[in-house]
Amino acid sequence: YEPRFKKLRYDTGKAAQERFAAWCEGKTGYPMVDAGMRQLITTGWMHNRVRMIVASFLVKDLHLEWTWGAAYFESHLSDYDPASNSHGWQWTAGCGTDASPYYRIFNPILQGLKFDPSGDYVRKFIPELRHLAGADVHEICFIEQMPIEFAFLGVLHQDMTGLADARQQFMNRLGRVHHGVLRTPPLFAHGMVGAIKRVKRRMGQPGLVKVQRI
């Protein structure tokens, strides 16, 4: 892939391995990500949209190198193709020869609300959340009493603050790769909360149950 991205700093060590294991097992605490990974484990397949969501989460939220995810897909996908797999991962990571913009980062909560508005996909693969109705399965971090069975570890803070912090760290690292210095604007959790509210208004659903702001 593009030579300059060899300079991008990814996380390594025990903590990184633990986050990777949680991602592989579908136990990150983010429903859309976990449903996709559990589907992959049980069926050997997942929709391309979900592949992009879980890939973006691994690289840009968990700060792990895309090759880790590509190798895991290779060992589990029933439709594995070496060229398609590598290109897809590099596209999502933003480091390929024909990649998406490096600053494009999928919000796993917003993606769930947009592409699984009924919550049926998440409930199918995450039995711990089957008692939650509709889109509530995507917003467990905003529910006062989060199901204890699903509070496995919280690889990130299970709220918008955790997503914003992870995204900011990734953009800081990329800023140094692209410009040699930090040249990325601050990102705030309430911006993503606002985006989710707009989606829910379009869906005709009520607002968030509980919002945690920075």
# chains A, B, ... in the order shown; residues from 1 in each chain; ligands from 1
>>> residues_around(residues="Ala70 (chain A)", least_positions_apart="6", cutoff="8 Å", atoms="only C-alpha atoms", output="number ranges by chain")
A: 85-86, 89
>>> write_last_selection(atoms="N, CA and C atoms", output="mmCIF file, in the first residue's frame")
data_model
loop_
_atom_site.group_PDB
_atom_site.id
_atom_site.type_symbol
_atom_site.label_atom_id
_atom_site.label_comp_id
_atom_site.auth_asym_id
_atom_site.auth_seq_id
_atom_site.Cartn_x
_atom_site.Cartn_y
_atom_site.Cartn_z
ATOM 1 N N ASN A 85 -10.069 -9.048 -0.633
ATOM 2 C CA ASN A 85 -9.913 -8.868 0.807
ATOM 3 C C ASN A 85 -8.898 -7.768 1.115
ATOM 4 N N SER A 86 -7.724 -7.851 0.521
ATOM 5 C CA SER A 86 -6.687 -6.849 0.789
ATOM 6 C C SER A 86 -7.114 -5.471 0.317
ATOM 7 N N TRP A 89 -9.819 -3.988 2.701
ATOM 8 C CA TRP A 89 -9.264 -3.508 3.962
ATOM 9 C C TRP A 89 -8.476 -2.222 3.769
#
>>> residues_around(residues="Thr42 (chain A)", least_positions_apart="3", cutoff="10 Å", atoms="only C-alpha atoms", output="list in words")
Met37, Arg38, Gln39, Trp45, His76 and Phe125 of chain A
>>> write_last_selection(atoms="all heavy atoms", output="short mmCIF file (atom, residue, chain, number, x, y, z; two decimals), in the first residue's frame")
data_model
loop_
_atom_site.label_atom_id
_atom_site.label_comp_id
_atom_site.auth_asym_id
_atom_site.auth_seq_id
_atom_site.Cartn_x
_atom_site.Cartn_y
_atom_site.Cartn_z
N MET A 37 -19.39 -9.42 13.60
CA MET A 37 -18.34 -10.39 13.88
C MET A 37 -18.91 -11.73 14.30
O MET A 37 -18.37 -12.79 13.94
CB MET A 37 -17.40 -9.85 14.96
CG MET A 37 -16.63 -8.60 14.54
SD MET A 37 -15.76 -8.78 12.96
CE MET A 37 -14.57 -10.08 13.38
N ARG A 38 -20.02 -11.73 15.01
CA ARG A 38 -20.65 -13.01 15.39
C ARG A 38 -21.28 -13.70 14.18
O ARG A 38 -21.27 -14.92 14.09
CB ARG A 38 -21.69 -12.76 16.48
CG ARG A 38 -21.08 -12.29 17.79
CD ARG A 38 -22.12 -12.24 18.89
NE ARG A 38 -21.62 -11.58 20.08
CZ ARG A 38 -22.25 -11.59 21.26
NH1 ARG A 38 -23.40 -12.24 21.37
NH2 ARG A 38 -21.74 -10.96 22.29
N GLN A 39 -21.79 -12.90 13.25
CA GLN A 39 -22.29 -13.49 12.01
C GLN A 39 -21.15 -14.15 11.25
O GLN A 39 -21.30 -15.25 10.72
CB GLN A 39 -22.96 -12.43 11.13
CG GLN A 39 -23.50 -13.01 9.83
CD GLN A 39 -24.08 -11.97 8.90
OE1 GLN A 39 -23.76 -10.78 9.00
NE2 GLN A 39 -24.94 -12.41 7.98
N TRP A 45 -19.79 -15.46 6.72
CA TRP A 45 -20.12 -14.41 5.76
C TRP A 45 -20.69 -13.21 6.49
O TRP A 45 -21.22 -13.32 7.60
CB TRP A 45 -21.16 -14.93 4.76
CG TRP A 45 -21.47 -13.98 3.63
CD1 TRP A 45 -20.78 -13.84 2.46
CD2 TRP A 45 -22.55 -13.04 3.58
NE1 TRP A 45 -21.35 -12.86 1.68
CE2 TRP A 45 -22.44 -12.35 2.35
CE3 TRP A 45 -23.57 -12.68 4.46
CZ2 TRP A 45 -23.34 -11.35 1.98
CZ3 TRP A 45 -24.46 -11.68 4.08
CH2 TRP A 45 -24.34 -11.04 2.85
N HIS A 76 -11.78 -16.90 8.00
CA HIS A 76 -13.18 -17.13 8.35
C HIS A 76 -14.18 -16.93 7.21
O HIS A 76 -15.28 -17.49 7.25
CB HIS A 76 -13.61 -16.24 9.52
CG HIS A 76 -13.05 -16.68 10.84
ND1 HIS A 76 -11.75 -16.42 11.22
CD2 HIS A 76 -13.61 -17.37 11.86
CE1 HIS A 76 -11.54 -16.93 12.42
NE2 HIS A 76 -12.64 -17.51 12.83
N PHE A 125 -28.10 -11.89 16.11
CA PHE A 125 -26.78 -12.41 16.43
C PHE A 125 -26.30 -12.09 17.84
O PHE A 125 -25.26 -12.61 18.28
CB PHE A 125 -25.77 -11.91 15.40
CG PHE A 125 -25.98 -12.48 14.03
CD1 PHE A 125 -26.60 -11.73 13.03
CD2 PHE A 125 -25.61 -13.78 13.74
CE1 PHE A 125 -26.83 -12.26 11.77
CE2 PHE A 125 -25.83 -14.33 12.48
CZ PHE A 125 -26.44 -13.57 11.50
#
>>> residues_around(residues="Arg130 (chain A)", least_positions_apart="3", cutoff="12 Å", atoms="only C-alpha atoms", output="ChimeraX atom specification")
/A:31,118-127,133-138,140,147,149-150
>>> write_last_selection(atoms="C-alpha atoms", output="PDB file, in the first residue's frame")
ATOM      1  CA  PRO A  31     -23.814  -3.873  18.889  1.00  0.00           C
ATOM      2  CA  SER A 118     -35.528  -2.160  13.292  1.00  0.00           C
ATOM      3  CA  GLY A 119     -32.678  -3.728  15.254  1.00  0.00           C
ATOM      4  CA  ASP A 120     -33.540  -7.177  13.890  1.00  0.00           C
ATOM      5  CA  TYR A 121     -30.031  -7.864  12.596  1.00  0.00           C
ATOM      6  CA  VAL A 122     -28.422  -7.105  15.951  1.00  0.00           C
ATOM      7  CA  ARG A 123     -30.984  -9.130  17.905  1.00  0.00           C
ATOM      8  CA  LYS A 124     -30.461 -12.116  15.599  1.00  0.00           C
ATOM      9  CA  PHE A 125     -26.778 -12.412  16.432  1.00  0.00           C
ATOM     10  CA  ILE A 126     -26.659 -10.935  19.952  1.00  0.00           C
ATOM     11  CA  PRO A 127     -29.108 -12.844  22.158  1.00  0.00           C
ATOM     12  CA  ALA A 133     -37.158  -3.280  21.222  1.00  0.00           C
ATOM     13  CA  GLY A 134     -36.473  -1.529  17.942  1.00  0.00           C
ATOM     14  CA  ALA A 135     -33.481   0.767  17.620  1.00  0.00           C
ATOM     15  CA  ASP A 136     -32.784   0.595  21.366  1.00  0.00           C
ATOM     16  CA  VAL A 137     -30.360  -2.250  20.616  1.00  0.00           C
ATOM     17  CA  HIS A 138     -28.022   0.275  18.983  1.00  0.00           C
ATOM     18  CA  ILE A 140     -27.280   0.523  24.906  1.00  0.00           C
ATOM     19  CA  PRO A 147     -27.852  -5.343  30.217  1.00  0.00           C
ATOM     20  CA  GLU A 149     -24.625  -9.644  30.078  1.00  0.00           C
ATOM     21  CA  PHE A 150     -23.538  -7.203  27.410  1.00  0.00           C
TER      22      PHE A 150
END
>>> residues_around(residues="region 50-61 of chain A", least_positions_apart="4", cutoff="10 Å", atoms="only C-alpha atoms", output="number ranges by chain")
A: 10-11, 19-20, 23-24, 26, 28, 30, 32-37, 39-40, 45-46, 65-70, 73, 88-94, 102-109, 111-112, 115, 155-156, 162-171
>>> write_last_selection(atoms="C-alpha atoms", output="compact mmCIF listing (two decimals), in the first residue's frame")
# COMPACT_ATOMS: atom_id res chain seq x y z
CA TYR A 10 -0.67 1.45 15.41
CA ASP A 11 -1.12 0.01 18.89
CA ARG A 19 -8.88 -5.39 22.01
CA PHE A 20 -8.26 -7.53 18.94
CA TRP A 23 -13.23 -7.63 18.13
CA CYS A 24 -12.74 -11.17 16.82
CA GLY A 26 -17.87 -9.91 18.81
CA THR A 28 -16.50 -4.96 21.90
CA TYR A 30 -20.78 -1.92 20.18
CA MET A 32 -23.46 -3.37 15.12
CA VAL A 33 -19.78 -4.34 15.24
CA ASP A 34 -20.40 -7.33 17.46
CA ALA A 35 -23.36 -8.59 15.44
CA GLY A 36 -21.24 -8.54 12.31
CA MET A 37 -18.34 -10.39 13.88
CA GLN A 39 -22.29 -13.49 12.01
CA LEU A 40 -18.86 -14.05 10.49
CA TRP A 45 -20.12 -14.41 5.76
CA MET A 46 -21.31 -10.84 6.33
CA GLU A 65 -3.26 -2.45 11.86
CA TRP A 66 -5.54 -3.46 9.01
CA THR A 67 -3.46 -6.57 8.28
CA TRP A 68 -4.69 -8.11 11.55
CA GLY A 69 -8.27 -7.89 10.36
CA ALA A 70 -7.44 -9.00 6.84
CA PHE A 73 -11.18 -12.46 7.43
CA GLY A 88 -11.27 -3.87 0.78
CA TRP A 89 -9.26 -3.51 3.96
CA GLN A 90 -6.91 -0.94 2.46
CA TRP A 91 -9.89 0.98 1.10
CA THR A 92 -11.52 1.21 4.51
CA ALA A 93 -8.24 1.94 6.29
CA GLY A 94 -7.60 4.74 3.81
CA TYR A 102 -8.31 8.53 5.30
CA TYR A 103 -10.47 10.77 7.49
CA ARG A 104 -13.66 8.83 6.69
CA ILE A 105 -14.54 7.03 9.91
CA PHE A 106 -17.70 4.98 10.33
CA ASN A 107 -19.69 5.69 13.49
CA PRO A 108 -20.89 2.19 14.52
CA ILE A 109 -23.93 3.53 16.40
CA GLN A 111 -24.43 3.04 10.99
CA GLY A 112 -26.63 0.70 13.01
CA PHE A 115 -28.88 0.31 8.10
CA VAL A 155 -12.91 -1.62 24.73
CA LEU A 156 -13.79 2.04 24.43
CA GLY A 162 -15.19 7.08 23.82
CA LEU A 163 -15.85 7.22 20.08
CA ALA A 164 -14.81 10.86 19.82
CA ASP A 165 -11.60 10.29 21.77
CA ALA A 166 -10.66 7.27 19.66
CA ARG A 167 -11.36 9.15 16.45
CA GLN A 168 -9.35 12.17 17.59
CA GLN A 169 -6.34 9.98 18.44
CA PHE A 170 -6.46 8.35 15.03
CA MET A 171 -6.71 11.69 13.23
>>> atom_distance(atom1="CA of Ala16 (chain A)", atom2="CA of Leu64 (chain A)")
7.1 Å
